[in-house]
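Structure file data39.pdb; described as PDB, C-alpha atoms, pLDDT in the B column.
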```
ATOM      1  CA  MET A  15       0.000   0.000   0.000  1.00 71.00           C
ATOM      2  CA  GLY A  16       1.524   3.277  -1.100  1.00 83.00           C
ATOM      3  CA  VAL A  17       1.666   6.631   0.619  1.00 89.00           C
ATOM      4  CA  LEU A  18      -1.121   8.015  -1.553  1.00 88.00           C
ATOM      5  CA  GLN A  19      -3.438   5.126  -0.707  1.00 87.00           C
ATOM      6  CA  ILE A  20      -2.743   5.481   3.004  1.00 88.00           C
ATOM      7  CA  SER A  21      -3.377   9.219   2.892  1.00 90.00           C
ATOM      8  CA  ILE A  22      -6.689   8.652   1.103  1.00 89.00           C
ATOM      9  CA  ALA A  23      -7.618   5.973   3.637  1.00 91.00           C
ATOM     10  CA  ALA A  24      -6.877   8.418   6.473  1.00 93.00           C
ATOM     11  CA  LEU A  25      -9.076  11.156   5.008  1.00 93.00           C
ATOM     12  CA  PRO A  26     -12.172  10.374   7.157  1.00 93.00           C
ATOM     13  CA  PHE A  27     -10.063  10.516  10.312  1.00 93.00           C
ATOM     14  CA  LEU A  28      -8.466  13.806   9.295  1.00 92.00           C
ATOM     15  CA  LEU A  29     -11.858  15.320   8.488  1.00 91.00           C
ATOM     16  CA  SER A  30     -13.206  14.244  11.860  1.00 91.00           C
ATOM     17  CA  LEU A  31     -10.257  15.950  13.564  1.00 91.00           C
ATOM     18  CA  ALA A  32     -11.157  19.156  11.743  1.00 89.00           C
ATOM     19  CA  SER A  33     -14.731  18.954  13.022  1.00 85.00           C
ATOM     20  CA  ARG A  34     -13.524  18.873  16.643  1.00 78.00           C
ATOM     21  CA  SER A  35     -16.365  16.532  17.573  1.00 75.00           C
ATOM     22  CA  SER A  36     -15.172  13.861  19.952  1.00 83.00           C
ATOM     23  CA  LYS A  37     -18.108  11.628  19.038  1.00 88.00           C
ATOM     24  CA  ALA A  38     -17.008  11.354  15.402  1.00 90.00           C
ATOM     25  CA  ILE A  39     -13.289  10.768  15.890  1.00 92.00           C
ATOM     26  CA  ALA A  40     -13.448   7.129  17.047  1.00 93.00           C
ATOM     27  CA  PRO A  41     -15.785   5.818  14.303  1.00 93.00           C
ATOM     28  CA  CYS A  42     -13.803   7.654  11.632  1.00 93.00           C
ATOM     29  CA  LEU A  43     -10.552   6.252  12.974  1.00 93.00           C
ATOM     30  CA  LEU A  44     -12.017   2.739  12.826  1.00 94.00           C
ATOM     31  CA  THR A  45     -13.245   3.175   9.275  1.00 94.00           C
ATOM     32  CA  SER A  46      -9.841   4.510   8.234  1.00 93.00           C
ATOM     33  CA  ILE A  47      -8.154   1.478   9.762  1.00 93.00           C
ATOM     34  CA  PHE A  48     -10.619  -0.879   8.071  1.00 93.00           C
ATOM     35  CA  THR A  49     -10.042   0.882   4.756  1.00 93.00           C
ATOM     36  CA  ALA A  50      -6.284   0.403   5.075  1.00 91.00           C
ATOM     37  CA  LEU A  51      -6.673  -3.232   6.106  1.00 91.00           C
ATOM     38  CA  LEU A  52      -9.129  -4.007   3.313  1.00 90.00           C
ATOM     39  CA  GLY A  53      -6.946  -2.404   0.653  1.00 86.00           C
ATOM     40  CA  GLU A  54      -6.593  -5.733  -1.143  1.00 87.00           C
ATOM     41  CA  GLU A  55     -10.387  -6.010  -1.527  1.00 87.00           C
ATOM     42  CA  PRO A  56     -11.381  -2.725  -3.199  1.00 88.00           C
ATOM     43  CA  HIS A  57     -15.177  -3.079  -2.932  1.00 89.00           C
ATOM     44  CA  ARG A  58     -15.097  -3.547   0.827  1.00 89.00           C
ATOM     45  CA  ALA A  59     -12.493  -0.841   1.287  1.00 91.00           C
ATOM     46  CA  VAL A  60     -14.612   1.659  -0.649  1.00 94.00           C
ATOM     47  CA  MET A  61     -17.660   0.883   1.491  1.00 94.00           C
ATOM     48  CA  ALA A  62     -15.704   1.437   4.716  1.00 93.00           C
ATOM     49  CA  TRP A  63     -14.198   4.642   3.334  1.00 94.00           C
ATOM     50  CA  CYS A  64     -17.591   5.999   2.239  1.00 95.00           C
ATOM     51  CA  VAL A  65     -19.097   5.355   5.666  1.00 95.00           C
ATOM     52  CA  GLY A  66     -16.180   7.142   7.311  1.00 94.00           C
ATOM     53  CA  VAL A  67     -16.407  10.142   5.000  1.00 95.00           C
ATOM     54  CA  LEU A  68     -20.152  10.353   5.579  1.00 96.00           C
ATOM     55  CA  ILE A  69     -19.708  10.385   9.368  1.00 94.00           C
ATOM     56  CA  ALA A  70     -16.946  12.982   9.134  1.00 93.00           C
ATOM     57  CA  ALA A  71     -18.924  15.168   6.734  1.00 93.00           C
ATOM     58  CA  VAL A  72     -21.948  15.228   9.024  1.00 94.00           C
ATOM     59  CA  ALA A  73     -19.750  16.083  12.024  1.00 92.00           C
ATOM     60  CA  LEU A  74     -18.001  18.819  10.066  1.00 91.00           C
ATOM     61  CA  ARG A  75     -21.319  20.248   8.880  1.00 92.00           C
ATOM     62  CA  GLU A  76     -22.673  20.330  12.431  1.00 91.00           C
ATOM     63  CA  TRP A  77     -19.521  22.063  13.660  1.00 90.00           C
ATOM     64  CA  LEU A  78     -19.768  24.689  10.930  1.00 89.00           C
ATOM     65  CA  ARG A  79     -23.461  25.142  11.621  1.00 90.00           C
ATOM     66  CA  ALA A  80     -22.822  25.780  15.335  1.00 85.00           C
ATOM     67  CA  ALA A  81     -20.070  28.289  14.660  1.00 74.00           C
TER      68      ALA A  81
END
```
Translate the structure of the given file into structure tokens.
Amino acid sequence: MGVLQISIAALPFLLSLASRSSKAIAPCLLTSIFTALLGEEPHRAVMAWCVGVLIAAVALREWLRAA
């Protein structure tokens, strides 16, 4: 797994850190780990990544809405 693939897999976790919501950090970290581990099976990795990005996007939207 290359550096680019790992950075893409970590994107949900990084987005959740930007949202500053402690409730979203743990699930996004887990989905990022699952995405990296499932890198050999692209369909499963994409599903885990999409779930993580969705959680992070909702947390980021709520943080921006409250600000």
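One finds CA of Leu29 in chain A at 16.3 Å from CA of Ala50 in chain A.
Taken over the shown file, the PyMOL selection byres ((chain A and resi 23) around 9) identifies Leu18, Gln19, Ile20, Ser21, Ile22, Ala24, Leu25, Pro26, Phe27, Thr45, Ser46, Ile47, Phe48, Thr49, Ala50, Gly53, Ala59 and Trp63 of chain A.
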Work out where the centre of an axis-aligned box around every listed atom of range 43-47 of chain A lies and how long its edges are once 4 Å is added on each side; give both in Å to one decimal as lines of an AutoDock Vina configuration file.
```
center_x = -10.7
center_y = 3.9
center_z = 10.6
size_x = 13.1
size_y = 12.8
size_z = 12.7
```
Query - Leu28 in chain A surroundings by all atoms listed in the file, 9 Å radius, close-in-sequence under 3 positions cut, as a list in words - result: Ala24, Leu25, Leu31, Ala32, Ser33, Ile39, Cys42, Leu43 and Ala70 of chain A
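Across the chains present, the PyMOL selection byres ((chain A and resi 72) around 12) applied to this file returns A:Pro26, A:Leu29, A:Ser30, A:Ala32, A:Ser33, A:Arg34, A:Ser35, A:Lys37, A:Ala38, A:Ile39, A:Cys42, A:Val65, A:Gly66, A:Val67, A:Leu68, A:Ile69, A:Ala70, A:Ala71, A:Ala73, A:Leu74, A:Arg75, A:Glu76, A:Trp77, A:Leu78, A:Arg79.
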Item to complete: May I ask for the distance between CA of Ala81 in chain A and CA of Ala62 in chain A, given in Å to one decimal place?
Response: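 Computing it gives 29.0 Å between the two atoms.
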